[in-house]
Amino acid sequence: MTKTRSKPYRPAELKPIIRWRSRTEALKALHGLFNYKDRALITIDPDPDSIASAMALKRLLWRHVQSTAIGIIRPIKRLNNLTMVRLLKLPLIQLNEKNIKDFDKYLLVDGQPSHHELFQKVPYTAVIDHHPVKSEPDAPFVDIRPHYGAVSTMMTEYLRAAAIKPSQTLATALIYGIKTDTRNFERQTLEEDVKAFLYLFSRANHNILRKIEISDLSLRDLALFKEAIENKTVSRDRIYSHLEKVNSPDILVIIAEFMLKVHDISWSIVSGVHGDQLVVIVRNDGYRKDAGKAVTRAFSGLGNAGGHKAMARAEIPLAALDPLLQRKTPTAIARFVKRRFAVGHPASK
């Protein structure tokens with residue numbers, strides 16, 4: 001009897017948005033949306049994958065537009081990312097509502113318009129991403145593939161379709177983007193991610209890559225680790241911790257991933273106040289769990305919330321907590337996060 005291979009189950013939120021039969025066809029469609037007089041702006045919420053992907057997209061637009069800039073919506077504070085930008089000499093500009101109007105065409109990589117208030121105000125020509133789709137972006141060019149481990153993988157495929165060999169700087173950025181977003185291939189990963197990594201491996205500067213990877217913490221961050229450990233609570237297979245104030249949400253990511261290493265812990269939920277927002281970072285071991293869905297259920301009515309199966313994030317304006325909390329003390333906020341997550345959280349099985 002002949003066995004038939006069953007197709008993998010793909011939840012609706014992981015369905016891709018692809019309008020072309022091949023990368024070559026997609027690349028031709030993308031180039032067709034620009035002309036040599038255009039001043040293009042690529043917008044990103046900066047992390048290694050988005051920075052590398054924006055660099056690759058800038059290379060793809062070379063000679064198709066007058067100029068291309070990469071704009072970040074928030075300052076880079078995580079030390080790895082600062083080291084990456086410094087060592088690779090990456091040109092980035094800080095965006096605001098005034099200078100964003102200095103361009104003719106706009107592109108978004110490693111994100112969707114619904115992910116940030118500033119993104120929602122931009123008339124995008126192109127959106128390229130790998131996060132689950134909340135609502136289809138209103139743009140002429142949309143390529144969203146949630147099953148890919150990194151957008152850097154997608155952009156490597158575009159470079160190859162264009163017969164462009166990445167420079168050492170670009171290859172180093174892309175390979176670091178793949179490594180970080182797949183957590184060294186421990187998280188959601190496709191064969192395409194591995195192929196892109198192997199293609200970039202011999203072209204990257206591994207001395208610089210190593211320096212970027214080990215530049216993770218400052219002495220000041222150690223005090224936040226102490227605070228997080230002292231404030232932790234454990235409920236079944238979940239560990240919670242809340243930090244009163246942080247200079248950057250990136251430290252919450254580092255602490256959440258660190259706490260996931262604790263034996264018998266499957267979920268790590270770390271929150272903190274950054275400016276006028278409550279930021280909640282969620283990590284899990286990826287086994288029969290969905291962090292993105294849990295965070296969306298818990299916090300989507302209050303702010304931006306979502307992510308992947310093993311990693312997710314919520315950003316909630318503190319003002320949105322006014323009807324829910326009489327006093328916004330650290331203890332009250334910590335209890336609020338734990339309560340909301342428990343209500344919106346699917347059973348840990």
# chains A, B, ... in the order shown; residues from 1 in each chain; ligands from 1
>>> closest_atom_pairs(of="segment 152-240 of chain A", to="segment 54-65 of chain A", cutoff="9 Å", atoms="only C-alpha atoms", output="Markdown table")
| residue | atom | partner | partner_atom | distance |
| --- | --- | --- | --- | --- |
| A:Ser152 | CA | A:Ala56 | CA | 8.1 |
| A:Met155 | CA | A:Ala56 | CA | 6.2 |
| A:Thr156 | CA | A:Ala56 | CA | 7.5 |
| A:Tyr158 | CA | A:Leu60 | CA | 8.0 |
| A:Leu159 | CA | A:Leu60 | CA | 6.9 |
| A:Ala162 | CA | A:Leu60 | CA | 7.6 |
| A:Ile164 | CA | A:Leu60 | CA | 8.2 |
| A:Pro166 | CA | A:Ala56 | CA | 8.1 |
| A:Leu170 | CA | A:Met55 | CA | 6.9 |
| A:Ala173 | CA | A:Met55 | CA | 8.3 |
| A:Leu174 | CA | A:Ala56 | CA | 8.0 |
>>> select_by_dssp(residues="segment 194-326 of chain A", states="helix (DSSP H, G or I)", output="JSON, numbers by chain")
{"A": [194, 195, 196, 197, 198, 199, 200, 201, 206, 207, 208, 209, 210, 211, 212, 213, 214, 219, 220, 221, 222, 223, 224, 225, 226, 227, 228, 229, 230, 250, 251, 252, 253, 254, 255, 256, 257, 258, 259, 291, 292, 293, 294, 295, 296, 297, 298, 299, 318, 319, 320, 321]}
>>> write_last_selection(atoms="C-alpha atoms", output="short mmCIF file (atom, residue, chain, number, x, y, z; two decimals), in the first residue's frame")
data_model
loop_
_atom_site.label_atom_id
_atom_site.label_comp_id
_atom_site.auth_asym_id
_atom_site.auth_seq_id
_atom_site.Cartn_x
_atom_site.Cartn_y
_atom_site.Cartn_z
CA VAL A 194 19.59 26.57 7.25
CA LYS A 195 20.31 26.98 3.53
CA ALA A 196 20.62 30.76 3.90
CA PHE A 197 22.94 30.32 6.90
CA LEU A 198 25.20 27.94 4.97
CA TYR A 199 25.28 30.28 1.98
CA LEU A 200 26.31 33.24 4.17
CA PHE A 201 28.74 31.35 6.41
CA HIS A 206 33.29 35.58 12.13
CA ASN A 207 35.62 37.62 14.34
CA ILE A 208 33.18 40.53 14.21
CA LEU A 209 30.24 38.13 14.62
CA ARG A 210 31.75 36.71 17.81
CA LYS A 211 32.41 40.19 19.21
CA ILE A 212 28.78 41.17 18.57
CA GLU A 213 27.44 38.03 20.23
CA ILE A 214 29.39 38.40 23.47
CA LEU A 219 27.54 46.36 34.84
CA ARG A 220 24.34 48.37 35.34
CA ASP A 221 22.30 45.47 33.94
CA LEU A 222 23.46 43.17 36.73
CA ALA A 223 21.42 45.20 39.23
CA LEU A 224 18.31 44.56 37.11
CA PHE A 225 19.05 40.83 37.12
CA LYS A 226 19.21 40.99 40.91
CA GLU A 227 15.88 42.86 41.02
CA ALA A 228 14.25 40.37 38.65
CA ILE A 229 15.41 37.38 40.67
CA GLU A 230 14.32 38.91 43.98
CA ASP A 250 15.85 44.85 25.59
CA ILE A 251 16.98 43.97 29.12
CA LEU A 252 13.56 42.37 29.68
CA VAL A 253 14.22 40.10 26.70
CA ILE A 254 17.62 39.08 28.05
CA ILE A 255 16.21 38.34 31.52
CA ALA A 256 13.20 36.43 30.11
CA GLU A 257 15.46 34.17 28.07
CA PHE A 258 17.78 33.70 31.05
CA MET A 259 14.92 32.67 33.36
CA ALA A 291 3.23 32.62 23.24
CA GLY A 292 1.87 34.93 20.55
CA LYS A 293 -1.67 33.68 21.00
CA ALA A 294 -1.43 33.82 24.81
CA VAL A 295 -0.17 37.41 24.80
CA THR A 296 -2.79 38.49 22.27
CA ARG A 297 -5.58 37.01 24.41
CA ALA A 298 -4.23 38.64 27.54
CA PHE A 299 -3.33 42.13 26.37
CA LEU A 318 0.25 53.05 31.37
CA ALA A 319 -2.80 55.25 30.85
CA ALA A 320 -4.69 52.17 29.66
CA LEU A 321 -4.31 50.72 33.16
#
>>> atom_distance(atom1="atom CA of Ser202 of chain A", atom2="atom CA of Arg145 of chain A")
26.1 Å
>>> select_by_dssp(residues="segment 77-106 of chain A", states="strand (DSSP E or B)", output="JSON, numbers by chain")
{"A": [93, 94, 105, 106]}
>>> atom_distance(atom1="atom CA of Ala150 of chain A", atom2="atom CA of Asp193 of chain A")
7.2 Å
>>> closest_residue(among="A:Lys328, A:Lys15, A:Lys89, A:Arg236", to="Lys134 of chain A", atoms="only C-alpha atoms")
A:Lys15
>>> residues_around(residues="segment 104-120 of chain A", least_positions_apart="2", cutoff="6 Å", atoms="only C-alpha atoms", output="number ranges by chain")
A: 38-43, 50, 122, 124-129
>>> atom_distance(atom1="atom CA of Arg238 of chain A", atom2="atom CA of Ser266 of chain A")
6.1 Å
